file my_file-v5.pdb (PDB, C-alpha atoms)
ATOM      1  CA  MET B  17      94.139  92.965 169.085
ATOM      2  CA  ALA B  18      95.501  89.820 167.454
ATOM      3  CA  SER B  19      92.979  90.140 164.678
ATOM      4  CA  ARG B  20      93.960  93.778 164.051
ATOM      5  CA  PHE B  21      97.636  92.777 163.992
ATOM      6  CA  ALA B  22      96.927  90.005 161.456
ATOM      7  CA  MET B  23      95.054  92.423 159.217
ATOM      8  CA  THR B  24      97.908  94.921 159.407
ATOM      9  CA  ALA B  25     100.424  92.201 158.511
ATOM     10  CA  LEU B  26      98.277  91.124 155.562
ATOM     11  CA  ALA B  27      97.980  94.730 154.332
ATOM     12  CA  CYS B  28     101.763  95.108 154.553
ATOM     13  CA  ALA B  29     102.284  91.894 152.625
ATOM     14  CA  LEU B  30      99.868  93.008 149.917
ATOM     15  CA  SER B  31     101.599  96.384 149.755
ATOM     16  CA  VAL B  32     104.983  94.728 149.269
ATOM     17  CA  GLY B  33     103.484  92.509 146.541
ATOM     18  CA  VAL B  34     102.108  95.514 144.689
ATOM     19  CA  GLN B  35     105.409  97.364 144.954
ATOM     20  CA  ALA B  36     107.269  94.310 143.686
ATOM     21  CA  ALA B  37     105.343  94.233 140.413
ATOM     22  CA  GLU B  38     107.343  95.797 137.591
ATOM     23  CA  ARG B  39     105.320  97.991 135.234
ATOM     24  CA  TRP B  40     106.528  98.661 131.712
ATOM     25  CA  ASN B  41     105.143 100.676 128.838
ATOM     26  CA  MET B  42     105.234  99.531 125.224
ATOM     27  CA  SER B  43     104.968 101.864 122.261
ATOM     28  CA  ALA B  44     103.066 100.224 119.385
ATOM     29  CA  GLU B  45     102.769 102.079 116.108
ATOM     30  CA  ASN B  46      99.539 100.626 114.727
ATOM     31  CA  PRO B  47      95.892 101.040 115.809
ATOM     32  CA  ASP B  48      94.246  98.519 118.110
ATOM     33  CA  GLY B  49      92.416  96.702 115.295
ATOM     34  CA  ASN B  50      95.669  95.987 113.430
ATOM     35  CA  PHE B  51      96.802  92.364 113.828
ATOM     36  CA  ILE B  52     100.353  93.420 114.763
ATOM     37  CA  THR B  53      98.996  95.413 117.718
ATOM     38  CA  THR B  54      96.673  92.542 118.616
ATOM     39  CA  VAL B  55      99.666  90.198 118.869
ATOM     40  CA  ALA B  56     101.523  92.809 120.954
ATOM     41  CA  LYS B  57      98.651  92.982 123.439
ATOM     42  CA  GLU B  58      98.439  89.187 123.617
ATOM     43  CA  PHE B  59     102.209  89.137 124.232
ATOM     44  CA  ALA B  60     101.790  91.578 127.137
ATOM     45  CA  GLN B  61      98.985  89.484 128.650
ATOM     46  CA  ASP B  62     101.078  86.342 128.210
ATOM     47  CA  VAL B  63     104.029  87.960 130.015
ATOM     48  CA  GLU B  64     101.888  89.021 132.961
ATOM     49  CA  LYS B  65     100.379  85.559 133.286
ATOM     50  CA  ALA B  66     103.695  83.709 132.858
ATOM     51  CA  SER B  67     105.447  85.964 135.385
ATOM     52  CA  ASN B  68     102.631  85.572 137.925
ATOM     53  CA  GLY B  69     102.046  89.315 137.767
ATOM     54  CA  GLU B  70     105.681  90.225 138.442
ATOM     55  CA  LEU B  71     105.840  92.094 135.144
ATOM     56  CA  GLN B  72     102.978  94.069 133.647
ATOM     57  CA  ILE B  73     103.293  95.646 130.187
ATOM     58  CA  ARG B  74     100.859  98.323 129.059
ATOM     59  CA  VAL B  75     100.606  98.576 125.272
ATOM     60  CA  HIS B  76      99.959 102.052 123.844
ATOM     61  CA  GLY B  77      98.787 101.676 120.234
ATOM     62  CA  ASN B  78      98.507 104.031 117.262
ATOM     63  CA  SER B  79     101.893 105.712 117.974
ATOM     64  CA  MET B  80     100.417 107.496 120.999
ATOM     65  CA  LEU B  81     103.752 107.543 122.827
ATOM     66  CA  PHE B  82     106.263 107.828 119.983
ATOM     67  CA  LYS B  83     106.085 108.162 116.209
ATOM     68  CA  ARG B  84     107.666 105.455 114.044
ATOM     69  CA  PRO B  85     111.059 107.195 113.547
ATOM     70  CA  GLU B  86     111.396 107.846 117.302
ATOM     71  CA  VAL B  87     110.678 104.397 118.748
ATOM     72  CA  LYS B  88     114.093 102.743 118.581
ATOM     73  CA  ARG B  89     115.835 105.737 120.129
ATOM     74  CA  ALA B  90     113.191 105.905 122.856
ATOM     75  CA  VAL B  91     113.814 102.242 123.756
ATOM     76  CA  GLN B  92     117.587 102.683 123.579
ATOM     77  CA  THR B  93     117.522 105.663 125.988
ATOM     78  CA  GLY B  94     114.978 104.081 128.318
ATOM     79  CA  GLN B  95     112.189 106.590 127.659
ATOM     80  CA  VAL B  96     110.027 103.532 127.120
ATOM     81  CA  GLN B  97     110.955  99.956 127.995
ATOM     82  CA  VAL B  98     109.476  98.172 124.966
ATOM     83  CA  GLY B  99     108.837  99.290 121.405
ATOM     84  CA  ASP B 100     107.159  97.849 118.329
ATOM     85  CA  VAL B 101     108.443  99.342 115.079
ATOM     86  CA  LEU B 102     108.866  98.645 111.374
ATOM     87  CA  MET B 103     112.396  97.220 111.086
ATOM     88  CA  SER B 104     113.169  98.677 107.668
ATOM     89  CA  VAL B 105     112.586 102.252 108.847
ATOM     90  CA  LEU B 106     116.121 101.924 110.294
ATOM     91  CA  GLY B 107     117.627 101.304 106.856
ATOM     92  CA  ASN B 108     119.481 104.631 106.769
ATOM     93  CA  GLU B 109     121.235 103.628 109.994
ATOM     94  CA  ASP B 110     122.298 100.207 108.729
ATOM     95  CA  PRO B 111     121.290  98.412 105.500
ATOM     96  CA  ILE B 112     120.942  95.096 107.356
ATOM     97  CA  PHE B 113     117.733  96.457 108.887
ATOM     98  CA  GLU B 114     116.125  96.796 105.448
ATOM     99  CA  ILE B 115     116.918  93.320 104.127
ATOM    100  CA  ASP B 116     113.205  92.476 104.199
ATOM    101  CA  SER B 117     112.368  95.508 102.027
ATOM    102  CA  VAL B 118     114.593  94.658  99.079
ATOM    103  CA  PRO B 119     111.866  94.241  96.464
ATOM    104  CA  PHE B 120     111.107  90.895  94.872
ATOM    105  CA  LEU B 121     113.706  89.058  96.946
ATOM    106  CA  VAL B 122     110.801  87.172  98.535
ATOM    107  CA  ARG B 123     107.266  86.766  97.174
ATOM    108  CA  ASN B 124     105.664  84.526  99.816
ATOM    109  CA  TYR B 125     105.741  83.821 103.564
ATOM    110  CA  GLU B 126     107.870  80.685 103.312
ATOM    111  CA  GLN B 127     110.608  82.681 101.582
ATOM    112  CA  ALA B 128     110.165  85.524 104.078
ATOM    113  CA  GLN B 129     110.698  83.162 107.020
ATOM    114  CA  ALA B 130     113.828  81.739 105.412
ATOM    115  CA  LEU B 131     115.204  85.255 104.887
ATOM    116  CA  TRP B 132     114.436  86.162 108.512
ATOM    117  CA  ALA B 133     116.227  83.039 109.765
ATOM    118  CA  ALA B 134     119.276  84.023 107.698
ATOM    119  CA  SER B 135     119.295  87.670 108.806
ATOM    120  CA  ARG B 136     118.146  87.522 112.435
ATOM    121  CA  PRO B 137     121.605  86.924 114.006
ATOM    122  CA  ALA B 138     123.007  90.033 112.294
ATOM    123  CA  VAL B 139     120.005  92.104 113.365
ATOM    124  CA  GLU B 140     120.312  90.916 116.981
ATOM    125  CA  GLU B 141     124.035  91.672 117.001
ATOM    126  CA  ARG B 142     123.520  95.253 115.830
ATOM    127  CA  LEU B 143     120.783  95.925 118.351
ATOM    128  CA  ALA B 144     122.807  94.417 121.210
ATOM    129  CA  LYS B 145     125.658  96.858 120.541
ATOM    130  CA  GLN B 146     123.188  99.674 121.144
ATOM    131  CA  GLY B 147     121.795  98.350 124.409
ATOM    132  CA  ILE B 148     118.694  96.821 122.830
ATOM    133  CA  LYS B 149     117.426  93.251 122.940
ATOM    134  CA  LEU B 150     115.269  91.790 120.164
ATOM    135  CA  LEU B 151     112.208  89.971 121.486
ATOM    136  CA  TYR B 152     110.279  88.941 118.391
ATOM    137  CA  ALA B 153     109.410  89.920 114.840
ATOM    138  CA  MET B 154     106.295  89.341 112.783
ATOM    139  CA  PRO B 155     105.418  90.141 109.177
ATOM    140  CA  TRP B 156     103.010  92.459 107.513
ATOM    141  CA  SER B 157     100.911  91.305 104.616
ATOM    142  CA  PRO B 158     102.880  91.500 101.337
ATOM    143  CA  GLN B 159     103.359  95.015  99.947
ATOM    144  CA  SER B 160     101.325  95.771  96.856
ATOM    145  CA  ILE B 161     100.135  98.656  94.692
ATOM    146  CA  PHE B 162      97.145 100.971  95.261
ATOM    147  CA  THR B 163      96.303 103.597  92.639
ATOM    148  CA  LYS B 164      93.515 105.930  91.605
ATOM    149  CA  THR B 165      94.008 105.132  87.918
ATOM    150  CA  PRO B 166      94.657 101.808  86.120
ATOM    151  CA  ILE B 167      98.231 100.678  85.387
ATOM    152  CA  ALA B 168      99.074  98.961  82.096
ATOM    153  CA  SER B 169     102.809  99.687  81.771
ATOM    154  CA  MET B 170     105.682 101.243  83.718
ATOM    155  CA  ASP B 171     105.019 104.495  81.844
ATOM    156  CA  ASP B 172     101.805 104.880  83.824
ATOM    157  CA  PHE B 173     103.830 105.414  87.009
ATOM    158  CA  LYS B 174     105.794 108.343  85.565
ATOM    159  CA  GLY B 175     105.230 111.497  87.561
ATOM    160  CA  MET B 176     102.748 109.803  89.883
ATOM    161  CA  LYS B 177     103.057 111.060  93.463
ATOM    162  CA  PHE B 178     103.634 107.863  95.396
ATOM    163  CA  ARG B 179     103.649 107.255  99.124
ATOM    164  CA  ALA B 180     106.967 106.080 100.571
ATOM    165  CA  TYR B 181     107.553 105.096 104.198
ATOM    166  CA  ASN B 182     111.193 103.954 104.369
ATOM    167  CA  PRO B 183     114.400 104.300 102.296
ATOM    168  CA  ALA B 184     113.654 101.154 100.278
ATOM    169  CA  THR B 185     110.176 102.265  99.198
ATOM    170  CA  SER B 186     111.551 105.707  98.300
ATOM    171  CA  ARG B 187     114.162 104.134  96.040
ATOM    172  CA  MET B 188     111.721 101.683  94.483
ATOM    173  CA  THR B 189     109.334 104.554  93.756
ATOM    174  CA  GLU B 190     112.128 106.481  92.030
ATOM    175  CA  LEU B 191     113.001 103.475  89.863
ATOM    176  CA  MET B 192     109.337 103.135  88.926
ATOM    177  CA  GLY B 193     109.470 106.703  87.612
ATOM    178  CA  ALA B 194     107.130 108.001  90.313
ATOM    179  CA  VAL B 195     107.774 110.767  92.848
ATOM    180  CA  PRO B 196     108.268 109.500  96.433
ATOM    181  CA  THR B 197     106.496 111.368  99.240
ATOM    182  CA  VAL B 198     106.978 110.277 102.857
ATOM    183  CA  ILE B 199     103.552 109.836 104.459
ATOM    184  CA  GLN B 200     102.917 108.154 107.810
ATOM    185  CA  THR B 201     100.140 105.568 108.005
ATOM    186  CA  GLY B 202      97.636 107.761 109.827
ATOM    187  CA  GLU B 203      98.039 110.536 107.247
ATOM    188  CA  ILE B 204      97.232 108.416 104.155
ATOM    189  CA  PRO B 205      93.543 109.359 103.636
ATOM    190  CA  GLN B 206      94.235 113.081 103.943
ATOM    191  CA  ALA B 207      97.290 112.823 101.664
ATOM    192  CA  PHE B 208      95.157 111.243  98.931
ATOM    193  CA  SER B 209      92.275 113.676  99.386
ATOM    194  CA  THR B 210      94.554 116.724  99.159
ATOM    195  CA  GLY B 211      96.487 115.407  96.169
ATOM    196  CA  MET B 212      99.778 114.953  98.017
ATOM    197  CA  ILE B 213      99.825 111.366  96.703
ATOM    198  CA  ASN B 214      97.790 109.432  94.145
ATOM    199  CA  GLY B 215      99.355 106.011  94.582
ATOM    200  CA  MET B 216     101.034 103.899  97.243
ATOM    201  CA  LEU B 217     102.962 100.711  97.834
ATOM    202  CA  THR B 218     101.677  99.189 101.050
ATOM    203  CA  SER B 219     100.003  96.151 102.562
ATOM    204  CA  PRO B 220      96.323  95.251 102.331
ATOM    205  CA  THR B 221      96.447  95.600 106.125
ATOM    206  CA  THR B 222      97.159  99.319 105.837
ATOM    207  CA  GLY B 223      94.706  99.489 102.946
ATOM    208  CA  VAL B 224      91.912  98.219 105.184
ATOM    209  CA  ASP B 225      93.061 100.262 108.205
ATOM    210  CA  SER B 226      92.931 103.442 106.108
ATOM    211  CA  GLN B 227      89.785 102.414 104.158
ATOM    212  CA  ALA B 228      91.629 102.756 100.860
ATOM    213  CA  TRP B 229      88.428 102.252  98.853
ATOM    214  CA  ASP B 230      87.423 105.799  99.861
ATOM    215  CA  PHE B 231      90.294 107.334  97.889
ATOM    216  CA  SER B 232      91.711 104.727  95.474
ATOM    217  CA  THR B 233      90.170 102.307  92.992
ATOM    218  CA  TYR B 234      92.799  99.802  91.843
ATOM    219  CA  TYR B 235      94.746  97.223  93.843
ATOM    220  CA  TYR B 236      97.495  95.127  92.214
ATOM    221  CA  ASP B 237      98.518  92.219  94.451
ATOM    222  CA  VAL B 238     102.154  92.224  93.295
ATOM    223  CA  LYS B 239     103.656  91.032  96.625
ATOM    224  CA  ALA B 240     106.753  93.175  96.151
ATOM    225  CA  PHE B 241     108.165  92.243  99.568
ATOM    226  CA  ILE B 242     107.093  91.237 103.062
ATOM    227  CA  PRO B 243     108.425  93.647 105.703
ATOM    228  CA  LYS B 244     108.369  92.989 109.419
ATOM    229  CA  ASN B 245     107.770  94.863 112.616
ATOM    230  CA  PHE B 246     110.019  93.879 115.466
ATOM    231  CA  VAL B 247     109.513  94.240 119.203
ATOM    232  CA  ILE B 248     112.560  95.422 121.105
ATOM    233  CA  VAL B 249     113.322  95.983 124.777
ATOM    234  CA  ASN B 250     115.826  98.138 126.615
ATOM    235  CA  ALA B 251     118.608  95.682 127.540
ATOM    236  CA  ARG B 252     119.239  97.209 130.977
ATOM    237  CA  ALA B 253     115.578  97.076 131.902
ATOM    238  CA  PHE B 254     115.475  93.439 130.806
ATOM    239  CA  ALA B 255     118.649  92.598 132.753
ATOM    240  CA  ARG B 256     117.154  94.061 135.944
ATOM    241  CA  LEU B 257     114.274  91.604 135.866
ATOM    242  CA  PRO B 258     114.437  88.500 138.068
ATOM    243  CA  GLU B 259     115.535  85.409 136.147
ATOM    244  CA  ALA B 260     112.039  83.927 136.207
ATOM    245  CA  ALA B 261     110.540  87.096 134.740
ATOM    246  CA  GLN B 262     113.218  87.175 132.035
ATOM    247  CA  LYS B 263     112.293  83.630 131.067
ATOM    248  CA  ALA B 264     108.614  84.580 131.031
ATOM    249  CA  VAL B 265     109.358  87.431 128.595
ATOM    250  CA  LEU B 266     111.481  85.294 126.264
ATOM    251  CA  ASP B 267     109.007  82.405 126.265
ATOM    252  CA  ALA B 268     106.120  84.782 125.566
ATOM    253  CA  ALA B 269     108.139  86.412 122.783
ATOM    254  CA  LYS B 270     108.718  83.059 121.120
ATOM    255  CA  ARG B 271     105.004  82.291 121.241
ATOM    256  CA  ALA B 272     104.163  85.775 119.919
ATOM    257  CA  GLU B 273     106.467  85.318 116.939
ATOM    258  CA  GLU B 274     104.932  81.953 116.049
ATOM    259  CA  ARG B 275     101.425  83.369 116.453
ATOM    260  CA  GLY B 276     102.311  86.514 114.500
ATOM    261  CA  TRP B 277     103.522  84.666 111.420
ATOM    262  CA  ALA B 278     100.480  82.393 111.461
ATOM    263  CA  ILE B 279      98.022  85.287 111.847
ATOM    264  CA  ALA B 280      99.642  87.332 109.080
ATOM    265  CA  GLN B 281      99.225  84.482 106.624
ATOM    266  CA  GLU B 282      95.665  83.791 107.759
ATOM    267  CA  LYS B 283      94.594  87.436 107.577
ATOM    268  CA  THR B 284      96.138  88.389 104.228
ATOM    269  CA  GLY B 285      93.495  86.693 102.088
ATOM    270  CA  GLU B 286      90.709  88.126 104.256
ATOM    271  CA  LEU B 287      92.118  91.637 103.895
ATOM    272  CA  VAL B 288      92.365  91.450 100.103
ATOM    273  CA  LYS B 289      88.764  90.195 100.028
ATOM    274  CA  THR B 290      87.738  93.171 102.183
ATOM    275  CA  LEU B 291      89.240  95.531  99.605
ATOM    276  CA  ALA B 292      87.239  93.838  96.837
ATOM    277  CA  ASP B 293      84.047  93.715  98.924
ATOM    278  CA  ASN B 294      84.273  97.473  99.341
ATOM    279  CA  GLY B 295      84.447  98.101  95.621
ATOM    280  CA  MET B 296      88.140  98.116  94.782
ATOM    281  CA  GLN B 297      89.175  96.486  91.512
ATOM    282  CA  VAL B 298      91.570  93.764  92.678
ATOM    283  CA  SER B 299      94.109  92.189  90.313
ATOM    284  CA  GLU B 300      96.043  89.129  91.475
ATOM    285  CA  GLN B 301      99.146  90.422  89.724
ATOM    286  CA  ALA B 302     100.322  93.381  87.693
ATOM    287  CA  PRO B 303     100.203  93.347  83.863
ATOM    288  CA  ALA B 304     103.089  91.437  82.255
ATOM    289  CA  ALA B 305     104.871  94.623  81.150
ATOM    290  CA  VAL B 306     104.783  95.936  84.726
ATOM    291  CA  GLU B 307     105.977  92.620  86.187
ATOM    292  CA  SER B 308     108.928  92.728  83.791
ATOM    293  CA  GLY B 309     109.772  96.243  84.939
ATOM    294  CA  PHE B 310     109.477  95.197  88.572
ATOM    295  CA  GLU B 311     111.833  92.268  87.968
ATOM    296  CA  GLN B 312     114.500  94.668  86.734
ATOM    297  CA  ILE B 313     113.926  96.984  89.702
ATOM    298  CA  GLY B 314     114.406  93.995  92.013
ATOM    299  CA  LYS B 315     117.754  93.127  90.438
ATOM    300  CA  THR B 316     118.928  96.738  90.603
ATOM    301  CA  MET B 317     117.952  97.191  94.241
ATOM    302  CA  THR B 318     119.462  93.859  95.298
ATOM    303  CA  GLU B 319     122.777  94.921  93.747
ATOM    304  CA  GLU B 320     122.571  98.332  95.409
ATOM    305  CA  TRP B 321     121.756  96.777  98.773
ATOM    306  CA  LEU B 322     124.700  94.376  98.526
ATOM    307  CA  LYS B 323     127.066  97.295  97.869
ATOM    308  CA  ARG B 324     125.831  99.040 101.018
ATOM    309  CA  ALA B 325     125.629  95.925 103.193
ATOM    310  CA  GLY B 326     129.037  94.534 102.226
ATOM    311  CA  ALA B 327     130.286  91.174 103.425
ATOM    312  CA  ASP B 328     127.581  90.795 106.077
ATOM    313  CA  GLY B 329     124.890  91.349 103.490
ATOM    314  CA  LYS B 330     126.448  88.864 101.080
ATOM    315  CA  ALA B 331     126.649  86.272 103.850
ATOM    316  CA  ILE B 332     122.936  86.719 104.588
ATOM    317  CA  LEU B 333     121.920  86.362 100.951
ATOM    318  CA  ASP B 334     124.220  83.367 100.454
ATOM    319  CA  SER B 335     122.635  81.679 103.482
ATOM    320  CA  TYR B 336     119.118  82.522 102.301
ATOM    321  CA  GLN B 337     119.595  81.444  98.687
ATOM    322  CA  HIS B 338     121.196  78.103  99.510
TER     323      HIS B 338
END
call {"tool": "encode", "arguments": {"input": "my_file-v5.pdb", "output": "structure tokens"}}
result
Amino acid sequence: MASRFAMTALACALSVGVQAAERWNMSAENPDGNFITTVAKEFAQDVEKASNGELQIRVHGNSMLFKRPEVKRAVQTGQVQVGDVLMSVLGNEDPIFEIDSVPFLVRNYEQAQALWAASRPAVEERLAKQGIKLLYAMPWSPQSIFTKTPIASMDDFKGMKFRAYNPATSRMTELMGAVPTVIQTGEIPQAFSTGMINGMLTSPTTGVDSQAWDFSTYYYDVKAFIPKNFVIVNARAFARLPEAAQKAVLDAAKRAEERGWAIAQEKTGELVKTLADNGMQVSEQAPAAVESGFEQIGKTMTEEWLKRAGADGKAILDSYQH
């Protein structure tokens, strides 16, 4: 009898423990092999370990839960607790979110980190007003040019149907003389094969993910800008966690951000090599005439961004440039 009672008590205790564990879902936009999704999964594992199992986060990759434009709203309304999304896709909502997509403002990771340090407080403030907490951000590889045909001057872009994925890339494409067409990452191969696009500005990460060598020949490593994905959490869901679990999330987020920046830098060279190994003609930079045209586009878009972003934008750039 005593033994049966002890077993019942143990079963009850285990049941309470299971019920006490909080289970969250995280919407990640990239496939499992993408390094941004890899960091997201490591973050989730880190949280579970650091919280002693109190919080478990299941990462759903490849936009299985929500498409890129839907993620922030889904987190804000609590349809999903955590979301991973390209920050600059929110540029139409507020220009501060697209600071990292102003072309040629940064050309390397050191500059990108300095710009993020200058802009992060403003980003966090805007998200907080909408019931969202920023956990961490990590960069993509620098955005560069993929084309079917060689580029020798800005004239070669004229009329080219070019993939765009946020307001900044649409505007840059227009200034290049090309025709912007919004294509999501998973649709790139089909868009090239059907003639919807014949060029794109994207990272070597996406180039490898989409096997760009199957539909394009030339890669110009222009490093136009270095955008970031950020991971956000519903503020109410976060606030409901026990204090220890909150600390576990924030500590894991800090580690994920450090790891994410390191991995991005480490992987970029490998990814460009993969493009070359698969037969793409890789150029370390664009021809001089194209670089000159890009420099002017950068100045134009920086001025346009400052007009939209106002005093907050000027404060960010002043902090970054000094």
call {"tool": "closest_residue", "arguments": {"input": "my_file-v5.pdb", "among": "B:Leu143, B:Leu106, B:Val224, B:Met212", "to": "Thr284 in chain B", "atoms": "only C-alpha atoms"}}
result
B:Val224
call {"tool": "resolve_selection", "arguments": {"input": "my_file-v5.pdb", "expression": "the PyMOL selection byres ((chain B and resi 125-142) around 6)", "output": "VMD selection string"}}
result
chain B and resid 122 124 143 to 145 332 335 to 336
call {"tool": "resolve_selection", "arguments": {"input": "my_file-v5.pdb", "expression": "the PyMOL selection byres ((chain B and resi 208) around 12)", "output": "number ranges by chain"}}
result
B: 162-164, 176-179, 197, 199, 201-207, 209-216, 226-233
call {"tool": "atom_distance", "arguments": {"input": "my_file-v5.pdb", "atom1": "CA of Asn182 in chain B", "atom2": "CA of Val298 in chain B"}}
result
25.0 Å
call {"tool": "residues_around", "arguments": {"input": "my_file-v5.pdb", "residues": "Pro258 in chain B", "least_positions_apart": "6", "cutoff": "10 Å", "atoms": "only C-alpha atoms", "output": "PyMOL selection string"}}
result
chain B and resi 67+70-71+264
call {"tool": "axis_aligned_box", "arguments": {"input": "my_file-v5.pdb", "around": "range 234-238 of chain B", "padding_each_side": "8 Å", "output": "AutoDock Vina command-line options"}}
result
--center_x 97.5 --center_y 96.0 --center_z 93.1 --size_x 25.4 --size_y 23.6 --size_z 18.6
call {"tool": "atom_distance", "arguments": {"input": "my_file-v5.pdb", "atom1": "CA of Gln97 in chain B", "atom2": "CA of Asn250 in chain B"}}
result
5.4 Å
call {"tool": "closest_residue", "arguments": {"input": "my_file-v5.pdb", "among": "B:Met42, B:Ile161, B:Met170, B:Leu191", "to": "Ala90 in chain B", "atoms": "all atoms listed in the file"}}
result
B:Met42
call {"tool": "closest_residue", "arguments": {"input": "my_file-v5.pdb", "among": "B:Gln61, B:Lys330, B:Ala44, B:Val96", "to": "Ser79 in chain B", "atoms": "all atoms listed in the file"}}
result
B:Ala44
call {"tool": "residues_around", "arguments": {"input": "my_file-v5.pdb", "residues": "Asp267 in chain B", "least_positions_apart": "3", "cutoff": "12 Å", "atoms": "all atoms listed in the file", "output": "list in words"}}
result
Phe59, Ala60, Asp62, Val63, Glu64, Lys65, Ala66, Ser67, Leu151, Tyr152, Ala260, Ala261, Gln262, Lys263, Ala264, Lys270, Arg271, Ala272, Glu273 and Glu274 of chain B
call {"tool": "build_atoms", "arguments": {"input": "my_file-v5.pdb", "residues": "range 176-192 of chain B", "atoms": "N, CA, C and O atoms", "output": "tab-separated table (two decimals), keeping the file's coordinate frame"}}
result
chain	number	residue	atom	x	y	z
B	176	MET	N	103.75	110.06	88.86
B	176	MET	CA	102.75	109.80	89.88
B	176	MET	C	103.34	110.07	91.27
B	176	MET	O	104.45	109.65	91.57
B	177	LYS	N	102.60	110.78	92.09
B	177	LYS	CA	103.06	111.06	93.46
B	177	LYS	C	102.73	109.84	94.33
B	177	LYS	O	101.56	109.53	94.55
B	178	PHE	N	103.77	109.18	94.79
B	178	PHE	CA	103.63	107.86	95.40
B	178	PHE	C	104.08	107.90	96.85
B	178	PHE	O	105.15	108.44	97.17
B	179	ARG	N	103.28	107.30	97.71
B	179	ARG	CA	103.65	107.26	99.12
B	179	ARG	C	104.87	106.37	99.34
B	179	ARG	O	104.96	105.26	98.83
B	180	ALA	N	105.82	106.87	100.13
B	180	ALA	CA	106.97	106.08	100.57
B	180	ALA	C	107.02	106.15	102.10
B	180	ALA	O	106.58	107.13	102.69
B	181	TYR	N	107.53	105.09	102.73
B	181	TYR	CA	107.55	105.10	104.20
B	181	TYR	C	108.89	104.64	104.77
B	181	TYR	O	109.06	104.58	105.99
B	182	ASN	N	109.84	104.30	103.91
B	182	ASN	CA	111.19	103.95	104.37
B	182	ASN	C	112.14	104.16	103.18
B	182	ASN	O	111.71	104.44	102.06
B	183	PRO	N	113.46	104.07	103.40
B	183	PRO	CA	114.40	104.30	102.30
B	183	PRO	C	114.18	103.38	101.10
B	183	PRO	O	114.31	103.80	99.95
B	184	ALA	N	113.83	102.12	101.37
B	184	ALA	CA	113.65	101.15	100.28
B	184	ALA	C	112.47	101.52	99.39
B	184	ALA	O	112.55	101.45	98.16
B	185	THR	N	111.33	101.91	100.02
B	185	THR	CA	110.18	102.26	99.20
B	185	THR	C	110.42	103.57	98.44
B	185	THR	O	109.90	103.74	97.33
B	186	SER	N	111.20	104.47	99.02
B	186	SER	CA	111.55	105.71	98.30
B	186	SER	C	112.35	105.38	97.04
B	186	SER	O	112.08	105.91	95.95
B	187	ARG	N	113.33	104.50	97.18
B	187	ARG	CA	114.16	104.13	96.04
B	187	ARG	C	113.36	103.36	95.00
B	187	ARG	O	113.49	103.62	93.78
B	188	MET	N	112.53	102.44	95.42
B	188	MET	CA	111.72	101.68	94.48
B	188	MET	C	110.80	102.62	93.70
B	188	MET	O	110.63	102.48	92.48
B	189	THR	N	110.21	103.58	94.41
B	189	THR	CA	109.33	104.55	93.76
B	189	THR	C	110.08	105.34	92.69
B	189	THR	O	109.58	105.56	91.58
B	190	GLU	N	111.31	105.75	93.01
B	190	GLU	CA	112.13	106.48	92.03
B	190	GLU	C	112.38	105.64	90.79
B	190	GLU	O	112.27	106.12	89.66
B	191	LEU	N	112.72	104.36	90.99
B	191	LEU	CA	113.00	103.48	89.86
B	191	LEU	C	111.74	103.19	89.03
B	191	LEU	O	111.83	102.88	87.84
B	192	MET	N	110.59	103.30	89.65
B	192	MET	CA	109.34	103.14	88.93
B	192	MET	C	109.03	104.36	88.06
B	192	MET	O	108.16	104.31	87.19
